[in-house]
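The next block is query-v3.cif, given as mmCIF, C-alpha atoms.
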data_start
#
loop_
_atom_site.group_PDB
_atom_site.id
_atom_site.type_symbol
_atom_site.label_atom_id
_atom_site.label_comp_id
_atom_site.auth_asym_id
_atom_site.auth_seq_id
_atom_site.Cartn_x
_atom_site.Cartn_y
_atom_site.Cartn_z
ATOM 1 C CA MET A 1 0.000 0.000 0.000
ATOM 2 C CA ARG A 2 2.772 2.462 0.884
ATOM 3 C CA ARG A 3 4.579 1.719 -2.357
ATOM 4 C CA LEU A 4 1.371 2.421 -4.325
ATOM 5 C CA VAL A 5 0.788 5.688 -2.491
ATOM 6 C CA ARG A 6 4.382 6.769 -3.086
ATOM 7 C CA TRP A 7 4.127 5.783 -6.746
ATOM 8 C CA ILE A 8 0.997 7.904 -7.215
ATOM 9 C CA GLY A 9 2.703 10.775 -5.393
ATOM 10 C CA SER A 10 5.789 10.366 -7.587
ATOM 11 C CA GLY A 11 3.624 10.510 -10.690
ATOM 12 C CA ILE A 12 2.151 13.793 -9.527
ATOM 13 C CA GLY A 13 5.675 15.025 -8.789
ATOM 14 C CA LEU A 14 6.780 14.261 -12.339
ATOM 15 C CA MET A 15 3.783 16.106 -13.726
ATOM 16 C CA LEU A 16 4.713 19.071 -11.547
ATOM 17 C CA LEU A 17 8.124 19.281 -13.180
ATOM 18 C CA PHE A 18 6.671 19.766 -16.645
ATOM 19 C CA ALA A 19 3.485 21.691 -15.967
ATOM 20 C CA GLY A 20 2.547 25.337 -16.224
ATOM 21 C CA THR A 21 -0.766 27.103 -15.857
ATOM 22 C CA ALA A 22 -3.588 25.279 -17.586
ATOM 23 C CA ASN A 23 -5.660 27.163 -20.128
ATOM 24 C CA ALA A 24 -8.245 24.726 -21.423
ATOM 25 C CA GLN A 25 -10.122 25.655 -24.566
ATOM 26 C CA GLY A 26 -12.045 22.743 -26.098
ATOM 27 C CA TRP A 27 -13.639 20.350 -23.599
ATOM 28 C CA THR A 28 -14.309 16.684 -24.367
ATOM 29 C CA ALA A 29 -16.633 14.436 -22.344
ATOM 30 C CA VAL A 30 -14.532 11.383 -21.449
ATOM 31 C CA SER A 31 -15.643 7.987 -20.133
ATOM 32 C CA PRO A 32 -12.821 5.483 -20.737
ATOM 33 C CA GLU A 33 -13.837 1.849 -21.075
ATOM 34 C CA GLY A 34 -14.232 0.243 -17.653
ATOM 35 C CA SER A 35 -13.958 3.552 -15.789
ATOM 36 C CA ARG A 36 -17.533 3.665 -14.451
ATOM 37 C CA CYS A 37 -17.177 7.463 -14.506
ATOM 38 C CA LYS A 38 -17.228 10.445 -16.807
ATOM 39 C CA VAL A 39 -15.389 13.742 -16.751
ATOM 40 C CA ASP A 40 -14.829 16.724 -19.042
ATOM 41 C CA MET A 41 -11.206 17.107 -20.170
ATOM 42 C CA PRO A 42 -9.624 19.952 -22.170
ATOM 43 C CA GLY A 43 -8.931 17.787 -25.225
ATOM 44 C CA THR A 44 -8.720 14.123 -26.132
ATOM 45 C CA PRO A 45 -6.842 12.241 -23.425
ATOM 46 C CA LYS A 46 -4.135 9.652 -23.744
ATOM 47 C CA VAL A 47 -5.450 6.575 -21.876
ATOM 48 C CA GLU A 48 -3.093 3.892 -20.629
ATOM 49 C CA THR A 49 -3.013 1.170 -18.000
ATOM 50 C CA LEU A 50 0.113 0.884 -15.882
ATOM 51 C CA PRO A 51 1.161 -1.883 -13.488
ATOM 52 C CA LEU A 52 1.561 -0.950 -9.828
ATOM 53 C CA ASN A 53 3.608 -3.330 -7.742
ATOM 54 C CA SER A 54 2.812 -3.519 -4.068
ATOM 55 C CA PRO A 55 3.837 -6.097 -1.475
ATOM 56 C CA GLY A 56 2.350 -9.471 -2.356
ATOM 57 C CA GLN A 57 0.269 -8.326 -5.319
ATOM 58 C CA THR A 58 0.183 -6.471 -8.606
ATOM 59 C CA LEU A 59 -2.415 -3.803 -9.163
ATOM 60 C CA SER A 60 -3.181 -1.800 -12.303
ATOM 61 C CA MET A 61 -3.842 1.914 -12.581
ATOM 62 C CA THR A 62 -5.643 3.269 -15.625
ATOM 63 C CA GLU A 63 -5.101 6.934 -16.317
ATOM 64 C CA ALA A 64 -6.375 9.485 -18.805
ATOM 65 C CA THR A 65 -4.117 12.519 -19.262
ATOM 66 C CA VAL A 66 -4.267 15.737 -21.249
ATOM 67 C CA GLN A 67 -1.632 18.456 -21.509
ATOM 68 C CA ALA A 68 -3.348 21.802 -22.128
ATOM 69 C CA GLY A 69 -1.997 25.333 -21.987
ATOM 70 C CA GLY A 70 1.168 24.162 -20.233
ATOM 71 C CA GLY A 71 -0.791 22.291 -17.531
ATOM 72 C CA SER A 72 -1.595 18.651 -16.861
ATOM 73 C CA PHE A 73 -5.046 17.153 -16.282
ATOM 74 C CA LEU A 74 -5.185 13.601 -14.936
ATOM 75 C CA MET A 75 -8.046 11.238 -14.140
ATOM 76 C CA SER A 76 -7.119 7.763 -12.912
ATOM 77 C CA TRP A 77 -8.509 4.762 -11.089
ATOM 78 C CA VAL A 78 -7.158 1.752 -9.243
ATOM 79 C CA ASP A 79 -9.193 -1.293 -8.204
ATOM 80 C CA TYR A 80 -8.160 -2.819 -4.881
ATOM 81 C CA PRO A 81 -8.760 -6.452 -3.919
ATOM 82 C CA GLU A 82 -11.787 -6.982 -1.672
ATOM 83 C CA ARG A 83 -9.582 -8.044 1.265
ATOM 84 C CA ILE A 84 -7.897 -4.619 1.222
ATOM 85 C CA ALA A 85 -11.058 -2.659 0.493
ATOM 86 C CA MET A 86 -12.940 -4.338 3.331
ATOM 87 C CA SER A 87 -10.115 -3.995 5.865
ATOM 88 C CA ALA A 88 -10.114 -0.188 6.040
ATOM 89 C CA SER A 89 -12.706 2.573 6.074
ATOM 90 C CA SER A 90 -13.026 5.130 3.284
ATOM 91 C CA ASP A 91 -11.426 7.718 5.568
ATOM 92 C CA VAL A 92 -8.393 5.513 6.213
ATOM 93 C CA MET A 93 -7.897 4.722 2.505
ATOM 94 C CA LEU A 94 -8.235 8.376 1.459
ATOM 95 C CA ASP A 95 -5.945 9.549 4.273
ATOM 96 C CA LYS A 96 -3.221 7.063 3.258
ATOM 97 C CA VAL A 97 -3.291 8.168 -0.366
ATOM 98 C CA ARG A 98 -3.329 11.855 0.608
ATOM 99 C CA ASP A 99 -0.401 11.352 2.987
ATOM 100 C CA GLY A 100 1.593 9.560 0.303
ATOM 101 C CA MET A 101 0.977 12.335 -2.207
ATOM 102 C CA ALA A 102 1.863 15.024 0.317
ATOM 103 C CA ALA A 103 5.049 13.351 1.616
ATOM 104 C CA GLY A 104 7.915 15.815 1.252
ATOM 105 C CA ASN A 105 5.568 18.541 -0.021
ATOM 106 C CA THR A 106 3.221 21.087 1.544
ATOM 107 C CA LEU A 107 -0.401 20.018 1.979
ATOM 108 C CA ARG A 108 -3.030 22.727 2.224
ATOM 109 C CA GLY A 109 -6.716 23.432 1.828
ATOM 110 C CA GLU A 110 -8.033 19.942 2.549
ATOM 111 C CA LYS A 111 -11.761 19.344 2.697
ATOM 112 C CA LYS A 112 -13.949 16.251 2.814
ATOM 113 C CA LEU A 113 -16.373 15.576 -0.038
ATOM 114 C CA THR A 114 -19.100 13.148 -0.996
ATOM 115 C CA LEU A 115 -20.270 12.141 -4.453
ATOM 116 C CA GLY A 116 -23.382 10.014 -4.069
ATOM 117 C CA ARG A 117 -22.207 7.304 -1.661
ATOM 118 C CA ALA A 118 -18.521 7.810 -2.481
ATOM 119 C CA GLN A 119 -16.370 9.569 0.098
ATOM 120 C CA GLY A 120 -13.759 12.023 -1.139
ATOM 121 C CA ARG A 121 -11.085 14.573 -0.387
ATOM 122 C CA GLU A 122 -9.937 17.728 -2.117
ATOM 123 C CA PHE A 123 -6.596 19.292 -1.320
ATOM 124 C CA THR A 124 -3.646 21.116 -2.796
ATOM 125 C CA VAL A 125 -0.054 19.906 -2.790
ATOM 126 C CA THR A 126 2.751 22.449 -3.273
ATOM 127 C CA GLN A 127 6.321 21.435 -4.018
ATOM 128 C CA ALA A 128 9.374 23.457 -3.021
ATOM 129 C CA ASN A 129 9.931 24.372 -6.698
ATOM 130 C CA GLY A 130 6.575 26.194 -6.690
ATOM 131 C CA PHE A 131 4.556 23.794 -8.825
ATOM 132 C CA VAL A 132 1.116 22.933 -7.486
ATOM 133 C CA SER A 133 -1.342 20.050 -7.872
ATOM 134 C CA ALA A 134 -5.016 20.487 -7.087
ATOM 135 C CA VAL A 135 -6.284 16.995 -6.247
ATOM 136 C CA ARG A 136 -9.609 15.272 -5.728
ATOM 137 C CA LEU A 137 -9.791 11.670 -4.549
ATOM 138 C CA TYR A 138 -12.894 9.485 -4.304
ATOM 139 C CA TRP A 139 -13.233 6.030 -2.751
ATOM 140 C CA ALA A 140 -16.143 4.093 -4.304
ATOM 141 C CA ARG A 141 -16.447 0.513 -3.028
ATOM 142 C CA ASN A 142 -13.025 -0.946 -3.842
ATOM 143 C CA ARG A 143 -12.003 1.672 -6.396
ATOM 144 C CA LEU A 144 -9.882 4.787 -5.865
ATOM 145 C CA TYR A 145 -10.468 7.629 -8.331
ATOM 146 C CA GLN A 146 -7.952 10.443 -8.618
ATOM 147 C CA LEU A 147 -8.375 13.783 -10.372
ATOM 148 C CA ALA A 148 -5.439 16.172 -10.507
ATOM 149 C CA VAL A 149 -4.607 19.424 -12.238
ATOM 150 C CA THR A 150 -0.977 20.469 -12.064
ATOM 151 C CA GLY A 151 0.398 23.901 -12.821
ATOM 152 C CA ARG A 152 1.722 27.052 -11.250
ATOM 153 C CA ALA A 153 0.550 28.616 -7.972
ATOM 154 C CA GLY A 154 -3.174 29.324 -8.012
ATOM 155 C CA VAL A 155 -4.043 26.406 -10.330
ATOM 156 C CA GLU A 156 -6.534 25.164 -7.736
ATOM 157 C CA ASN A 157 -8.678 28.288 -8.252
ATOM 158 C CA LEU A 158 -8.670 28.433 -12.064
ATOM 159 C CA PRO A 159 -12.046 28.070 -13.798
ATOM 160 C CA GLU A 160 -10.610 25.165 -15.849
ATOM 161 C CA THR A 161 -9.694 23.255 -12.684
ATOM 162 C CA ARG A 162 -13.094 23.855 -11.132
ATOM 163 C CA HIS A 163 -14.828 22.770 -14.381
ATOM 164 C CA PHE A 164 -12.762 19.561 -14.500
ATOM 165 C CA PHE A 165 -13.479 18.700 -10.858
ATOM 166 C CA GLU A 166 -17.182 19.581 -10.971
ATOM 167 C CA SER A 167 -17.796 17.626 -14.199
ATOM 168 C CA PHE A 168 -16.678 14.316 -12.629
ATOM 169 C CA ALA A 169 -19.517 11.849 -12.118
ATOM 170 C CA LEU A 170 -19.822 8.164 -11.306
ATOM 171 C CA VAL A 171 -21.917 6.142 -13.745
ATOM 172 C CA ARG A 172 -23.433 2.686 -13.495
ATOM 173 C CA PRO A 173 -21.827 0.017 -15.677
#

What is this structure when it is put down as structure tokens?
Amino acid sequence: MRRLVRWIGSGIGLMLLFAGTANAQGWTAVSPEGSRCKVDMPGTPKVETLPLNSPGQTLSMTEATVQAGGGSFLMSWVDYPERIAMSASSDVMLDKVRDGMAAGNTLRGEKKLTLGRAQGREFTVTQANGFVSAVRLYWARNRLYQLAVTGRAGVENLPETRHFFESFALVRP
């Protein structure tokens, strides 16, 4: 679990290195196969599934990414085995992921969210180099959804970021 959380945090860190302020122009409704969600993204995303190695098991993370106006928009999901999903509450799972993403960075502006029955978190992570990720996480049954917009300071308040976050919805398969 720690390795997964660090990996997700590292991925955000890499996006921070290459991102600037997002300036989305053309929005596309996206619902990748198997995602059980939909979200508006500022362009057509690149969708790929990546292996995540954690102690005793291999998990997969599917992510949809768009670079727009110098910024990065990411929507991803990871399915956890039932034994993990049933062993911890939504709060514990979300806190572990948040802590992994914030490790070595500055965490600010955290608030709890709900989306239907899914519990969530929204927060901002700032790195020492000044790059910022606005993040939303949702825990729905055994699936972790992650939304992130990475750019310069203030990215969390941009209309494009708010549009991206507010357009996210869970859909029935």

For this session: Grab the CA of Ser60 in chain A to CA of Leu115 in chain A distance for me, in Å with one decimal place.
Result: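 Value for the CA of Ser60 in chain A-CA of Leu115 in chain A distance: 23.4 Å.
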
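The spacing separating CA of Val132 in chain A from CA of Val155 in chain A amounts to 6.8 Å.
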
Exercise. How far is it from CA of Arg36 in chain A to CA of Val92 in chain A, in Å with one decimal?
Worked result: 22.7 Å

Problem set entry | Residues matched by the PyMOL selection byres ((chain A and resi 75) around 7) as a PyMOL selection string | chain A and resi 63-65+73-74+76+146-148

For this session: Report as a ChimeraX atom specification the residues that result from applying the PyMOL selection byres ((chain A and resi 140) around 12) to the structure here.
Result: /A:35-37,77-80,85-86,89-91,93-94,114-120,137-139,141-146,169-172

Once the PyMOL selection byres ((chain A and resi 166) around 12) has been evaluated on this model, what residues remain selected, and can you format them as an mmCIF file with C-alpha atoms, in the frame of the given file?
data_model
loop_
_atom_site.group_PDB
_atom_site.id
_atom_site.type_symbol
_atom_site.label_atom_id
_atom_site.label_comp_id
_atom_site.auth_asym_id
_atom_site.auth_seq_id
_atom_site.Cartn_x
_atom_site.Cartn_y
_atom_site.Cartn_z
ATOM 1 C CA LYS A 38 -17.228 10.445 -16.807
ATOM 2 C CA VAL A 39 -15.389 13.742 -16.751
ATOM 3 C CA ASP A 40 -14.829 16.724 -19.042
ATOM 4 C CA MET A 41 -11.206 17.107 -20.170
ATOM 5 C CA LEU A 113 -16.373 15.576 -0.038
ATOM 6 C CA LEU A 115 -20.270 12.141 -4.453
ATOM 7 C CA GLU A 122 -9.937 17.728 -2.117
ATOM 8 C CA ARG A 136 -9.609 15.272 -5.728
ATOM 9 C CA LEU A 147 -8.375 13.783 -10.372
ATOM 10 C CA PRO A 159 -12.046 28.070 -13.798
ATOM 11 C CA GLU A 160 -10.610 25.165 -15.849
ATOM 12 C CA THR A 161 -9.694 23.255 -12.684
ATOM 13 C CA ARG A 162 -13.094 23.855 -11.132
ATOM 14 C CA HIS A 163 -14.828 22.770 -14.381
ATOM 15 C CA PHE A 164 -12.762 19.561 -14.500
ATOM 16 C CA PHE A 165 -13.479 18.700 -10.858
ATOM 17 C CA SER A 167 -17.796 17.626 -14.199
ATOM 18 C CA PHE A 168 -16.678 14.316 -12.629
ATOM 19 C CA ALA A 169 -19.517 11.849 -12.118
ATOM 20 C CA LEU A 170 -19.822 8.164 -11.306
#
